[in-house]
>>> print(open('target.pdb').read())   # PDB, C-alpha atoms (C1' of nucleotides)
ATOM      1  CA  MET A   1     -21.671  12.548  -6.999
ATOM      2  CA  LEU A   2     -20.813  10.247  -9.856
ATOM      3  CA  PRO A   3     -20.077   6.578  -9.104
ATOM      4  CA  LYS A   4     -16.381   5.664  -8.933
ATOM      5  CA  VAL A   5     -16.722   3.124 -11.722
ATOM      6  CA  LEU A   6     -18.148   5.761 -14.051
ATOM      7  CA  ILE A   7     -15.258   8.103 -13.256
ATOM      8  CA  ALA A   8     -12.868   5.208 -13.839
ATOM      9  CA  ALA A   9     -14.372   4.459 -17.246
ATOM     10  CA  SER A  10     -14.423   8.055 -18.437
ATOM     11  CA  VAL A  11     -11.191   9.507 -17.104
ATOM     12  CA  LYS A  12      -9.000   8.084 -19.844
ATOM     13  CA  PRO A  13     -11.156   8.981 -22.864
ATOM     14  CA  ILE A  14     -11.873  12.437 -21.451
ATOM     15  CA  MET A  15      -8.219  13.125 -20.719
ATOM     16  CA  LEU A  16      -7.154  12.059 -24.198
ATOM     17  CA  ALA A  17      -9.941  14.108 -25.768
ATOM     18  CA  ILE A  18      -8.997  17.234 -23.808
ATOM     19  CA  LEU A  19      -5.367  16.983 -24.858
ATOM     20  CA  ALA A  20      -6.438  16.337 -28.436
ATOM     21  CA  GLN A  21      -8.543  19.474 -28.431
ATOM     22  CA  ASP A  22      -6.243  21.779 -26.467
ATOM     23  CA  GLY A  23      -2.969  20.643 -27.993
ATOM     24  CA  GLU A  24      -1.192  20.749 -24.671
ATOM     25  CA  SER A  25      -2.049  21.306 -21.042
ATOM     26  CA  TYR A  26      -0.974  20.482 -17.483
ATOM     27  CA  GLY A  27      -2.533  18.727 -14.514
ATOM     28  CA  TYR A  28      -3.979  21.596 -12.586
ATOM     29  CA  GLU A  29      -5.445  23.195 -15.688
ATOM     30  CA  ILE A  30      -7.030  19.939 -16.804
ATOM     31  CA  ILE A  31      -8.825  19.627 -13.477
ATOM     32  CA  GLN A  32     -10.392  23.053 -13.933
ATOM     33  CA  ARG A  33     -11.136  22.385 -17.571
ATOM     34  CA  ILE A  34     -13.155  19.246 -16.918
ATOM     35  CA  HIS A  35     -14.942  20.970 -14.057
ATOM     36  CA  ALA A  36     -16.063  23.753 -16.375
ATOM     37  CA  LEU A  37     -16.813  21.438 -19.301
ATOM     38  CA  SER A  38     -19.122  19.289 -17.196
ATOM     39  CA  GLY A  39     -20.880  22.163 -15.486
ATOM     40  CA  GLY A  40     -19.343  21.148 -12.167
ATOM     41  CA  LYS A  41     -20.599  17.573 -12.367
ATOM     42  CA  ILE A  42     -17.155  16.052 -12.794
ATOM     43  CA  GLN A  43     -14.710  17.052 -10.084
ATOM     44  CA  TRP A  44     -11.385  15.289 -10.412
ATOM     45  CA  THR A  45      -8.918  15.666  -7.570
ATOM     46  CA  ALA A  46      -5.136  15.632  -7.733
ATOM     47  CA  GLY A  47      -5.173  12.097  -6.337
ATOM     48  CA  THR A  48      -7.245  11.021  -9.320
ATOM     49  CA  LEU A  49      -5.545  12.945 -12.075
ATOM     50  CA  TYR A  50      -1.810  12.651 -11.538
ATOM     51  CA  PRO A  51      -1.654   8.857 -11.318
ATOM     52  CA  VAL A  52      -3.651   8.681 -14.564
ATOM     53  CA  LEU A  53      -1.332  11.148 -16.284
ATOM     54  CA  HIS A  54       1.680   9.087 -15.198
ATOM     55  CA  ARG A  55       0.003   5.901 -16.380
ATOM     56  CA  LEU A  56      -0.742   7.409 -19.778
ATOM     57  CA  GLU A  57       2.887   8.475 -20.048
ATOM     58  CA  THR A  58       4.124   4.994 -19.135
ATOM     59  CA  GLU A  59       1.837   3.605 -21.827
ATOM     60  CA  GLY A  60       3.371   6.040 -24.306
ATOM     61  CA  LEU A  61       0.080   7.813 -25.014
ATOM     62  CA  VAL A  62       1.266  11.212 -23.786
ATOM     63  CA  GLU A  63       4.627  12.902 -23.392
ATOM     64  CA  SER A  64       5.565  15.577 -20.858
ATOM     65  CA  MET A  65       8.004  18.465 -20.486
ATOM     66  CA  TRP A  66       8.699  20.830 -17.625
ATOM     67  CA  ARG A  67       8.411  24.444 -18.677
ATOM     68  CA  LYS A  68       8.422  27.802 -16.934
ATOM     69  CA  PRO A  69       6.674  30.622 -18.778
ATOM     70  CA  ASP A  70       7.998  34.111 -17.864
ATOM     71  CA  GLY A  71       6.506  35.400 -14.619
ATOM     72  CA  GLU A  72       4.666  32.114 -14.064
ATOM     73  CA  ARG A  73       5.365  28.998 -12.058
ATOM     74  CA  ARG A  74       6.942  25.969 -13.565
ATOM     75  CA  ARG A  75       4.493  23.399 -14.849
ATOM     76  CA  LYS A  76       4.639  19.946 -16.365
ATOM     77  CA  TYR A  77       2.987  20.175 -19.757
ATOM     78  CA  TYR A  78       1.493  17.133 -21.462
ATOM     79  CA  ARG A  79       0.615  16.476 -25.089
ATOM     80  CA  LEU A  80      -0.620  13.473 -27.052
ATOM     81  CA  THR A  81       1.747  11.185 -28.907
ATOM     82  CA  PRO A  82       0.653   9.575 -32.195
ATOM     83  CA  GLN A  83      -0.180   6.439 -30.213
ATOM     84  CA  GLY A  84      -2.248   8.650 -27.928
ATOM     85  CA  GLU A  85      -4.312   9.857 -30.841
ATOM     86  CA  ALA A  86      -4.870   6.283 -31.991
ATOM     87  CA  ALA A  87      -5.840   5.299 -28.442
ATOM     88  CA  MET A  88      -8.368   8.114 -28.365
ATOM     89  CA  SER A  89     -10.104   6.739 -31.450
ATOM     90  CA  THR A  90     -10.254   3.297 -29.902
ATOM     91  CA  GLU A  91     -11.633   4.639 -26.629
ATOM     92  CA  LYS A  92     -14.199   6.689 -28.506
ATOM     93  CA  GLN A  93     -15.409   3.680 -30.457
ATOM     94  CA  GLN A  94     -15.651   1.517 -27.335
ATOM     95  CA  TRP A  95     -17.566   4.168 -25.440
ATOM     96  CA  MET A  96     -19.984   4.613 -28.311
ATOM     97  CA  ASP A  97     -20.531   0.858 -28.585
ATOM     98  CA  VAL A  98     -21.672   0.733 -24.972
ATOM     99  CA  ASN A  99     -23.607   3.955 -25.269
ATOM    100  CA  ALA A 100     -25.508   2.543 -28.239
ATOM    101  CA  VAL A 101     -26.745  -0.356 -26.103
ATOM    102  CA  LEU A 102     -27.944   1.965 -23.363
ATOM    103  CA  VAL A 103     -29.690   4.312 -25.764
ATOM    104  CA  GLN A 104     -31.386   1.300 -27.301
ATOM    105  CA  LEU A 105     -32.638   0.138 -23.901
ATOM    106  CA  TRP A 106     -33.658   3.544 -22.651
ATOM    107  CA  GLY A 107     -36.020   3.912 -25.521
ATOM    108  CA  PRO A 108     -36.318   5.191 -29.038
ATOM    109  CA  ASP A 109     -36.763   8.751 -27.802
ATOM    110  CA  LEU A 110     -34.356  10.097 -30.392
ATOM    111  CA  ALA A 111     -35.848   8.759 -33.571
ATOM    112  CA  LEU A 112     -39.433   9.461 -32.672
ATOM    113  CA  ARG A 113     -39.565  13.056 -31.592
TER     114      ARG A 113
ATOM    115  CA  MET D 114     -12.416  -6.376 -26.069
ATOM    116  CA  LEU D 115     -13.863  -3.588 -23.978
ATOM    117  CA  PRO D 116     -11.784  -2.207 -21.085
ATOM    118  CA  LYS D 117     -12.662  -3.567 -17.646
ATOM    119  CA  VAL D 118     -13.446  -0.122 -16.322
ATOM    120  CA  LEU D 119     -15.983   0.444 -19.089
ATOM    121  CA  ILE D 120     -17.650  -2.868 -18.317
ATOM    122  CA  ALA D 121     -17.639  -1.928 -14.649
ATOM    123  CA  ALA D 122     -19.323   1.392 -15.341
ATOM    124  CA  SER D 123     -21.993   0.011 -17.643
ATOM    125  CA  VAL D 124     -22.954  -3.280 -16.043
ATOM    126  CA  LYS D 125     -25.268  -1.757 -13.441
ATOM    127  CA  PRO D 126     -27.185   0.646 -15.692
ATOM    128  CA  ILE D 127     -27.487  -2.004 -18.414
ATOM    129  CA  MET D 128     -28.707  -4.652 -16.001
ATOM    130  CA  LEU D 129     -31.318  -2.328 -14.509
ATOM    131  CA  ALA D 130     -32.412  -1.238 -17.976
ATOM    132  CA  ILE D 131     -32.789  -4.829 -19.191
ATOM    133  CA  LEU D 132     -34.933  -5.769 -16.206
ATOM    134  CA  ALA D 133     -36.977  -2.608 -16.651
ATOM    135  CA  GLN D 134     -37.662  -3.488 -20.256
ATOM    136  CA  ASP D 135     -38.178  -7.243 -19.907
ATOM    137  CA  GLY D 136     -40.115  -7.187 -16.646
ATOM    138  CA  GLU D 137     -38.272 -10.198 -15.319
ATOM    139  CA  SER D 138     -35.378 -12.410 -16.313
ATOM    140  CA  TYR D 139     -32.633 -14.661 -14.933
ATOM    141  CA  GLY D 140     -28.853 -14.694 -15.044
ATOM    142  CA  TYR D 141     -28.171 -16.978 -17.953
ATOM    143  CA  GLU D 142     -30.775 -15.273 -20.118
ATOM    144  CA  ILE D 143     -29.438 -11.812 -19.319
ATOM    145  CA  ILE D 144     -25.980 -12.867 -20.505
ATOM    146  CA  GLN D 145     -27.386 -13.902 -23.881
ATOM    147  CA  ARG D 146     -29.616 -10.843 -24.039
ATOM    148  CA  ILE D 147     -26.765  -8.357 -23.642
ATOM    149  CA  HIS D 148     -24.667 -10.350 -26.098
ATOM    150  CA  ALA D 149     -27.375 -10.035 -28.736
ATOM    151  CA  LEU D 150     -28.225  -6.431 -27.877
ATOM    152  CA  SER D 151     -24.631  -5.320 -28.335
ATOM    153  CA  GLY D 152     -23.998  -7.290 -31.487
ATOM    154  CA  GLY D 153     -21.527  -9.493 -29.640
ATOM    155  CA  LYS D 154     -19.449  -6.581 -28.373
ATOM    156  CA  ILE D 155     -20.407  -7.061 -24.753
ATOM    157  CA  GLN D 156     -19.748 -10.562 -23.461
ATOM    158  CA  TRP D 157     -20.474 -10.883 -19.779
ATOM    159  CA  THR D 158     -19.419 -14.098 -18.081
ATOM    160  CA  ALA D 159     -21.031 -15.813 -15.123
ATOM    161  CA  GLY D 160     -18.205 -14.523 -12.925
ATOM    162  CA  THR D 161     -19.177 -10.995 -13.869
ATOM    163  CA  LEU D 162     -22.933 -11.255 -13.771
ATOM    164  CA  TYR D 163     -23.863 -13.231 -10.659
ATOM    165  CA  PRO D 164     -21.911 -11.117  -8.171
ATOM    166  CA  VAL D 165     -23.560  -8.020  -9.638
ATOM    167  CA  LEU D 166     -27.012  -9.561  -9.374
ATOM    168  CA  HIS D 167     -26.352 -10.466  -5.733
ATOM    169  CA  ARG D 168     -25.067  -6.971  -5.047
ATOM    170  CA  LEU D 169     -28.163  -5.396  -6.589
ATOM    171  CA  GLU D 170     -30.320  -7.627  -4.424
ATOM    172  CA  THR D 171     -28.393  -6.693  -1.284
ATOM    173  CA  GLU D 172     -28.911  -3.043  -2.204
ATOM    174  CA  GLY D 173     -32.640  -3.717  -2.546
ATOM    175  CA  LEU D 174     -32.753  -2.754  -6.214
ATOM    176  CA  VAL D 175     -33.920  -6.164  -7.415
ATOM    177  CA  GLU D 176     -35.778  -9.072  -5.851
ATOM    178  CA  SER D 177     -35.462 -12.731  -6.780
ATOM    179  CA  MET D 178     -37.556 -15.904  -6.692
ATOM    180  CA  TRP D 179     -36.771 -19.474  -7.653
ATOM    181  CA  ARG D 180     -39.240 -20.824 -10.131
ATOM    182  CA  LYS D 181     -39.593 -23.946 -12.252
ATOM    183  CA  PRO D 182     -41.691 -23.555 -15.379
ATOM    184  CA  ASP D 183     -43.305 -26.816 -16.607
ATOM    185  CA  GLY D 184     -40.880 -28.907 -18.606
ATOM    186  CA  GLU D 185     -38.038 -26.464 -17.928
ATOM    187  CA  ARG D 186     -35.249 -26.278 -15.385
ATOM    188  CA  ARG D 187     -35.493 -24.283 -12.239
ATOM    189  CA  ARG D 188     -34.203 -20.742 -12.513
ATOM    190  CA  LYS D 189     -33.736 -17.766 -10.232
ATOM    191  CA  TYR D 190     -35.827 -14.976 -11.684
ATOM    192  CA  TYR D 191     -35.084 -11.329 -10.957
ATOM    193  CA  ARG D 192     -37.226  -8.226 -11.232
ATOM    194  CA  LEU D 193     -36.814  -4.565 -10.326
ATOM    195  CA  THR D 194     -38.080  -3.157  -7.059
ATOM    196  CA  PRO D 195     -39.429   0.415  -6.923
ATOM    197  CA  GLN D 196     -36.007   1.480  -5.581
ATOM    198  CA  GLY D 197     -34.499  -0.287  -8.563
ATOM    199  CA  GLU D 198     -36.532   1.815 -10.952
ATOM    200  CA  ALA D 199     -35.455   4.965  -9.151
ATOM    201  CA  ALA D 200     -31.836   3.799  -9.272
ATOM    202  CA  MET D 201     -32.131   3.274 -13.002
ATOM    203  CA  SER D 202     -33.176   6.890 -13.505
ATOM    204  CA  THR D 203     -30.221   8.069 -11.450
ATOM    205  CA  GLU D 204     -27.783   5.860 -13.343
ATOM    206  CA  LYS D 205     -29.218   7.055 -16.637
ATOM    207  CA  GLN D 206     -28.788  10.690 -15.693
ATOM    208  CA  GLN D 207     -25.208  10.149 -14.517
ATOM    209  CA  TRP D 208     -24.262   8.284 -17.658
ATOM    210  CA  MET D 209     -25.747  11.001 -19.838
ATOM    211  CA  ASP D 210     -23.918  13.705 -17.902
ATOM    212  CA  VAL D 211     -20.587  12.071 -18.689
ATOM    213  CA  ASN D 212     -21.623  11.247 -22.230
ATOM    214  CA  ALA D 213     -22.494  14.901 -22.829
ATOM    215  CA  VAL D 214     -18.939  15.917 -21.964
ATOM    216  CA  LEU D 215     -17.450  13.371 -24.334
ATOM    217  CA  VAL D 216     -19.767  14.305 -27.182
ATOM    218  CA  GLN D 217     -18.827  17.926 -26.622
ATOM    219  CA  LEU D 218     -15.124  17.112 -26.817
ATOM    220  CA  TRP D 219     -15.369  14.754 -29.746
ATOM    221  CA  GLY D 220     -16.824  17.517 -31.825
ATOM    222  CA  PRO D 221     -20.070  18.937 -33.044
ATOM    223  CA  ASP D 222     -20.342  16.218 -35.671
ATOM    224  CA  LEU D 223     -23.973  15.604 -34.832
ATOM    225  CA  ALA D 224     -25.372  19.054 -35.334
ATOM    226  CA  LEU D 225     -23.475  19.720 -38.516
ATOM    227  CA  ARG D 226     -24.235  16.856 -40.818
TER     228      ARG D 226
ATOM    229  C1'  DA N 227       8.060  40.310   7.889
ATOM    230  C1'  DC N 228       4.035  37.467   8.262
ATOM    231  C1'  DC N 229       0.054  34.894   6.855
ATOM    232  C1'  DC N 230      -3.232  33.185   3.898
ATOM    233  C1'  DT N 231      -4.968  31.544  -0.385
ATOM    234  C1'  DA N 232      -4.395  29.769  -4.885
ATOM    235  C1'  DT N 233      -1.455  27.361  -7.742
ATOM    236  C1'  DA N 234       1.150  23.109  -8.848
ATOM    237  C1'  DT N 235       2.838  18.227  -8.493
ATOM    238  C1'  DA N 236       3.464  13.708  -6.128
ATOM    239  C1'  DT N 237       2.553   9.437  -3.249
ATOM    240  C1'  DT N 238       0.412   6.133  -0.026
ATOM    241  C1'  DG N 239      -3.292   3.194   1.807
ATOM    242  C1'  DC N 240      -7.906   1.566   1.696
ATOM    243  C1'  DA N 241     -12.027  -0.022  -0.371
ATOM    244  C1'  DC N 242     -14.137  -1.721  -4.359
ATOM    245  C1'  DC N 243     -14.657  -4.325  -8.728
ATOM    246  C1'  DA N 244     -14.315  -7.514 -13.112
ATOM    247  C1'  DC N 245     -13.552 -11.929 -14.338
ATOM    248  C1'  DG N 246     -10.851 -16.310 -15.211
ATOM    249  C1'  DA N 247     -10.992 -20.454 -12.968
ATOM    250  C1'  DT N 248     -13.358 -23.678 -10.636
ATOM    251  C1'  DA N 249     -17.259 -26.275  -8.688
ATOM    252  C1'  DT N 250     -21.908 -28.214  -8.764
ATOM    253  C1'  DA N 251     -26.237 -29.675 -10.801
ATOM    254  C1'  DT N 252     -29.806 -30.815 -14.480
ATOM    255  C1'  DC N 253     -31.668 -31.633 -18.966
ATOM    256  C1'  DG N 254     -31.963 -33.503 -24.005
ATOM    257  C1'  DG N 255     -29.979 -35.881 -27.578
ATOM    258  C1'  DT N 256     -27.089 -39.684 -29.524
TER     259       DT N 256
ATOM    260  C1'  DA F 257     -23.429 -43.961 -20.655
ATOM    261  C1'  DC F 258     -21.801 -39.801 -22.376
ATOM    262  C1'  DC F 259     -21.577 -35.053 -23.860
ATOM    263  C1'  DG F 260     -22.821 -30.407 -24.567
ATOM    264  C1'  DA F 261     -25.894 -26.769 -23.260
ATOM    265  C1'  DT F 262     -28.183 -24.801 -19.516
ATOM    266  C1'  DA F 263     -28.017 -22.735 -14.876
ATOM    267  C1'  DT F 264     -26.046 -20.773 -10.533
ATOM    268  C1'  DA F 265     -22.256 -19.830  -7.223
ATOM    269  C1'  DT F 266     -17.635 -18.359  -5.266
ATOM    270  C1'  DC F 267     -12.591 -17.398  -4.775
ATOM    271  C1'  DG F 268      -8.132 -15.011  -5.992
ATOM    272  C1'  DT F 269      -5.814 -11.652  -8.526
ATOM    273  C1'  DG F 270      -4.899  -7.435 -10.575
ATOM    274  C1'  DG F 271      -6.385  -2.919 -11.300
ATOM    275  C1'  DT F 272      -8.724   1.438  -9.847
ATOM    276  C1'  DG F 273     -10.433   6.113  -7.581
ATOM    277  C1'  DC F 274      -9.509   9.144  -4.163
ATOM    278  C1'  DA F 275      -8.975  11.053   0.614
ATOM    279  C1'  DA F 276      -5.185  12.229   3.046
ATOM    280  C1'  DT F 277      -0.823  13.863   3.219
ATOM    281  C1'  DA F 278       3.455  16.135   1.803
ATOM    282  C1'  DT F 279       6.163  19.634  -0.605
ATOM    283  C1'  DA F 280       6.943  23.894  -3.099
ATOM    284  C1'  DT F 281       6.017  28.747  -4.987
ATOM    285  C1'  DA F 282       3.700  33.098  -6.338
ATOM    286  C1'  DG F 283       0.826  37.136  -4.957
ATOM    287  C1'  DG F 284      -1.867  40.093  -1.932
ATOM    288  C1'  DG F 285      -3.403  41.940   2.396
ATOM    289  C1'  DT F 286      -2.251  43.600   7.155
TER     290       DT F 286
END
>>> encode(input="target.pdb", output="structure tokens")
Amino acid sequence: MLPKVLIAASVKPIMLAILAQDGESYGYEIIQRIHALSGGKIQWTAGTLYPVLHRLETEGLVESMWRKPDGERRRKYYRLTPQGEAAMSTEKQQWMDVNAVLVQLWGPDLALR
Amino acid sequence: MLPKVLIAASVKPIMLAILAQDGESYGYEIIQRIHALSGGKIQWTAGTLYPVLHRLETEGLVESMWRKPDGERRRKYYRLTPQGEAAMSTEKQQWMDVNAVLVQLWGPDLALR
DNA sequence: ACCCTATATATTGCACCACGATATATCGGT
DNA sequence: ACCGATATATCGTGGTGCAATATATAGGGT
């Protein structure tokens, strides 16, 4: 089980990155996607995901539309806005800044072998 | 400015890693250390650091002792316990698990150039 | 018809956390 | 005497994950 704070820090960048890669998706699918992507290590629940999606929409980083594909159930599809793409770059840079510090502390394993 | 949630997620692994590398240190010094290590990007304040240090001690991951080096002020020095070293390994693994997902999503830039 | 499972979204309440603000104390330099 | 740097401590506020709960619908088995 991953610590709550680590989930909290990664949920936004991961969500933005998934939407950037997939073009558009919806809540339930995103939950399965991250589960598969992480090899089962990250298991978001509905109580985690939907509030985040709504927050991102309020911030103008994603936009949503209800749609009902033929023979399928109606779903609320999300896609990135231009601001969302910009936000993803920022989040990526911030994550990498912190990651660089940790890599530095954990040792020069990368350069040396 | 880094998001609060990212600070929250990184403060524990970074603190444990600093103590693992330095052997022992104290609050004020750790603040300067992380500032330098991150090139000024991470700026912990006393209000951030001391509660974390106390929490780590309560969890048994660090131990502390007041000491007064000759000609210097008294300081509360911290060092890792064996449980602290184990916790650092766990934190490292968890961070890398999440990082792997992000790297995967951000693209195969590393392997290709 | 009935039930069960999977799919799909939404909300509430609790526990936890960073951190600005604030307080206290000590040292060296001017 | 004063000031800035050093050094530790705590409180209040705002923000967060997430279990629990609620609601709705499609498909398959009996």
>>> resolve_selection(input="target.pdb", expression="the PyMOL selection byres ((chain A) within 12 of (chain N))", output="list in words")
Pro3, Lys4, Val5, Leu6, Ala8, Tyr26, Gly27, Tyr28, Glu29, Ile30, Ile31, Gln32, Ala46, Gly47, Thr48, Leu49, Tyr50, Pro51, Leu53, His54, Trp66, Lys68, Glu72, Arg73, Arg74, Arg75, Lys76 and Tyr77 of chain A
>>> interface_residues(input="target.pdb", of="chain A", to="chain D", cutoff="8 Å", atoms="all atoms listed in the file", output="list of chain:residue names")
A:Leu2, A:Val5, A:Leu6, A:Ala8, A:Ala9, A:Ser10, A:Pro13, A:Ile14, A:Ala17, A:Ile18, A:Gln21, A:Leu37, A:Ser38, A:Lys41, A:Ile42, A:Gln94, A:Trp95, A:Asp97, A:Val98, A:Ala100, A:Val101, A:Leu102, A:Leu105, A:Trp106
>>> write_last_selection(input="target.pdb", atoms="C-alpha atoms", output="tab-separated table (two decimals), keeping the file's coordinate frame")
chain	number	residue	atom	x	y	z
A	2	LEU	CA	-20.81	10.25	-9.86
A	5	VAL	CA	-16.72	3.12	-11.72
A	6	LEU	CA	-18.15	5.76	-14.05
A	8	ALA	CA	-12.87	5.21	-13.84
A	9	ALA	CA	-14.37	4.46	-17.25
A	10	SER	CA	-14.42	8.06	-18.44
A	13	PRO	CA	-11.16	8.98	-22.86
A	14	ILE	CA	-11.87	12.44	-21.45
A	17	ALA	CA	-9.94	14.11	-25.77
A	18	ILE	CA	-9.00	17.23	-23.81
A	21	GLN	CA	-8.54	19.47	-28.43
A	37	LEU	CA	-16.81	21.44	-19.30
A	38	SER	CA	-19.12	19.29	-17.20
A	41	LYS	CA	-20.60	17.57	-12.37
A	42	ILE	CA	-17.16	16.05	-12.79
A	94	GLN	CA	-15.65	1.52	-27.34
A	95	TRP	CA	-17.57	4.17	-25.44
A	97	ASP	CA	-20.53	0.86	-28.58
A	98	VAL	CA	-21.67	0.73	-24.97
A	100	ALA	CA	-25.51	2.54	-28.24
A	101	VAL	CA	-26.74	-0.36	-26.10
A	102	LEU	CA	-27.94	1.96	-23.36
A	105	LEU	CA	-32.64	0.14	-23.90
A	106	TRP	CA	-33.66	3.54	-22.65
>>> interface_residues(input="target.pdb", of="chain F", to="chain A", cutoff="9 Å", atoms="only C-alpha atoms (C1' of nucleotides)", output="list in words")
DT272, DG273, DC274, DA275, DT281 and DA282 of chain F
>>> calpha_fit_and_write(input="target.pdb", fixed="chain D", moving="chain A", output="tab-separated table (two decimals) with C-alpha atoms, keeping the file's coordinate frame")
chain	number	residue	atom	x	y	z
A	1	MET	CA	-12.37	-6.47	-26.01
A	2	LEU	CA	-13.81	-3.68	-23.93
A	3	PRO	CA	-11.73	-2.28	-21.05
A	4	LYS	CA	-12.64	-3.62	-17.59
A	5	VAL	CA	-13.43	-0.15	-16.29
A	6	LEU	CA	-15.95	0.41	-19.08
A	7	ILE	CA	-17.63	-2.91	-18.28
A	8	ALA	CA	-17.63	-1.94	-14.61
A	9	ALA	CA	-19.30	1.39	-15.35
A	10	SER	CA	-21.96	-0.02	-17.65
A	11	VAL	CA	-22.93	-3.30	-16.03
A	12	LYS	CA	-25.24	-1.76	-13.45
A	13	PRO	CA	-27.16	0.64	-15.72
A	14	ILE	CA	-27.46	-2.01	-18.43
A	15	MET	CA	-28.69	-4.65	-16.01
A	16	LEU	CA	-31.29	-2.32	-14.55
A	17	ALA	CA	-32.39	-1.23	-18.01
A	18	ILE	CA	-32.78	-4.82	-19.22
A	19	LEU	CA	-34.92	-5.76	-16.24
A	20	ALA	CA	-36.95	-2.59	-16.71
A	21	GLN	CA	-37.64	-3.49	-20.31
A	22	ASP	CA	-38.16	-7.24	-19.95
A	23	GLY	CA	-40.10	-7.16	-16.70
A	24	GLU	CA	-38.29	-10.18	-15.35
A	25	SER	CA	-35.40	-12.39	-16.33
A	26	TYR	CA	-32.67	-14.66	-14.95
A	27	GLY	CA	-28.88	-14.71	-15.04
A	28	TYR	CA	-28.21	-16.97	-17.95
A	29	GLU	CA	-30.81	-15.28	-20.12
A	30	ILE	CA	-29.45	-11.84	-19.32
A	31	ILE	CA	-26.00	-12.88	-20.50
A	32	GLN	CA	-27.39	-13.92	-23.87
A	33	ARG	CA	-29.59	-10.86	-24.06
A	34	ILE	CA	-26.74	-8.39	-23.66
A	35	HIS	CA	-24.65	-10.38	-26.11
A	36	ALA	CA	-27.35	-10.07	-28.75
A	37	LEU	CA	-28.20	-6.46	-27.91
A	38	SER	CA	-24.59	-5.37	-28.34
A	39	GLY	CA	-23.96	-7.35	-31.50
A	40	GLY	CA	-21.51	-9.56	-29.63
A	41	LYS	CA	-19.42	-6.66	-28.37
A	42	ILE	CA	-20.39	-7.12	-24.74
A	43	GLN	CA	-19.75	-10.62	-23.44
A	44	TRP	CA	-20.48	-10.94	-19.74
A	45	THR	CA	-19.45	-14.15	-18.03
A	46	ALA	CA	-21.07	-15.85	-15.07
A	47	GLY	CA	-18.25	-14.57	-12.87
A	48	THR	CA	-19.21	-11.03	-13.83
A	49	LEU	CA	-22.97	-11.28	-13.74
A	50	TYR	CA	-23.90	-13.24	-10.64
A	51	PRO	CA	-21.95	-11.15	-8.14
A	52	VAL	CA	-23.58	-8.03	-9.61
A	53	LEU	CA	-27.04	-9.56	-9.37
A	54	HIS	CA	-26.40	-10.45	-5.72
A	55	ARG	CA	-25.10	-6.96	-5.04
A	56	LEU	CA	-28.17	-5.37	-6.60
A	57	GLU	CA	-30.35	-7.60	-4.44
A	58	THR	CA	-28.44	-6.65	-1.28
A	59	GLU	CA	-28.94	-3.01	-2.22
A	60	GLY	CA	-32.66	-3.66	-2.57
A	61	LEU	CA	-32.76	-2.71	-6.25
A	62	VAL	CA	-33.94	-6.12	-7.45
A	63	GLU	CA	-35.80	-9.02	-5.89
A	64	SER	CA	-35.52	-12.69	-6.81
A	65	MET	CA	-37.61	-15.86	-6.72
A	66	TRP	CA	-36.82	-19.44	-7.63
A	67	ARG	CA	-39.29	-20.83	-10.13
A	68	LYS	CA	-39.57	-23.98	-12.21
A	69	PRO	CA	-41.68	-23.69	-15.36
A	70	ASP	CA	-43.20	-27.03	-16.50
A	71	GLY	CA	-40.71	-29.14	-18.44
A	72	GLU	CA	-37.94	-26.60	-17.81
A	73	ARG	CA	-35.15	-26.31	-15.30
A	74	ARG	CA	-35.47	-24.28	-12.18
A	75	ARG	CA	-34.24	-20.73	-12.49
A	76	LYS	CA	-33.79	-17.74	-10.23
A	77	TYR	CA	-35.87	-14.94	-11.69
A	78	TYR	CA	-35.11	-11.30	-10.96
A	79	ARG	CA	-37.25	-8.19	-11.27
A	80	LEU	CA	-36.82	-4.53	-10.36
A	81	THR	CA	-38.09	-3.11	-7.10
A	82	PRO	CA	-39.42	0.47	-6.98
A	83	GLN	CA	-36.02	1.53	-5.64
A	84	GLY	CA	-34.49	-0.26	-8.62
A	85	GLU	CA	-36.51	1.84	-11.01
A	86	ALA	CA	-35.44	5.01	-9.21
A	87	ALA	CA	-31.82	3.84	-9.32
A	88	MET	CA	-32.12	3.29	-13.06
A	89	SER	CA	-33.15	6.91	-13.57
A	90	THR	CA	-30.21	8.10	-11.52
A	91	GLU	CA	-27.77	5.88	-13.41
A	92	LYS	CA	-29.20	7.06	-16.71
A	93	GLN	CA	-28.76	10.70	-15.78
A	94	GLN	CA	-25.18	10.16	-14.59
A	95	TRP	CA	-24.24	8.28	-17.72
A	96	MET	CA	-25.71	10.99	-19.91
A	97	ASP	CA	-23.88	13.71	-17.99
A	98	VAL	CA	-20.56	12.05	-18.77
A	99	ASN	CA	-21.58	11.21	-22.30
A	100	ALA	CA	-22.44	14.86	-22.92
A	101	VAL	CA	-18.87	15.87	-22.05
A	102	LEU	CA	-17.40	13.31	-24.41
A	103	VAL	CA	-19.70	14.24	-27.26
A	104	GLN	CA	-18.75	17.86	-26.71
A	105	LEU	CA	-15.04	17.02	-26.93
A	106	TRP	CA	-15.32	14.65	-29.85
A	107	GLY	CA	-16.78	17.38	-31.94
A	108	PRO	CA	-20.01	18.96	-33.01
A	109	ASP	CA	-20.61	16.23	-35.58
A	110	LEU	CA	-24.24	15.89	-34.57
A	111	ALA	CA	-25.46	19.43	-34.92
A	112	LEU	CA	-23.67	20.16	-38.14
A	113	ARG	CA	-24.53	17.36	-40.49
>>> atom_distance(input="target.pdb", atom1="CA of Met65 in chain A", atom2="C1' of DT277 in chain F")
25.7 Å
>>> atom_distance(input="target.pdb", atom1="CA of Leu56 in chain A", atom2="C1' of DT279 in chain F")
23.8 Å
>>> atom_distance(input="target.pdb", atom1="CA of Ala200 in chain D", atom2="C1' of DA265 in chain F")
25.6 Å
>>> decode(input="target.pdb", residues="range 264-270 of chain F", atoms="C-alpha atoms (C1' of nucleotides)", output="mmCIF file, in the first residue's frame")
data_model
loop_
_atom_site.group_PDB
_atom_site.id
_atom_site.type_symbol
_atom_site.label_atom_id
_atom_site.label_comp_id
_atom_site.auth_asym_id
_atom_site.auth_seq_id
_atom_site.Cartn_x
_atom_site.Cartn_y
_atom_site.Cartn_z
ATOM 1 C "C1'" DT F 264 13.873 24.650 18.488
ATOM 2 C "C1'" DA F 265 8.830 24.428 19.340
ATOM 3 C "C1'" DT F 266 3.661 24.783 18.626
ATOM 4 C "C1'" DC F 267 -0.976 26.349 16.997
ATOM 5 C "C1'" DG F 268 -4.622 27.256 13.400
ATOM 6 C "C1'" DT F 269 -6.085 26.912 8.837
ATOM 7 C "C1'" DG F 270 -6.861 25.017 4.521
#
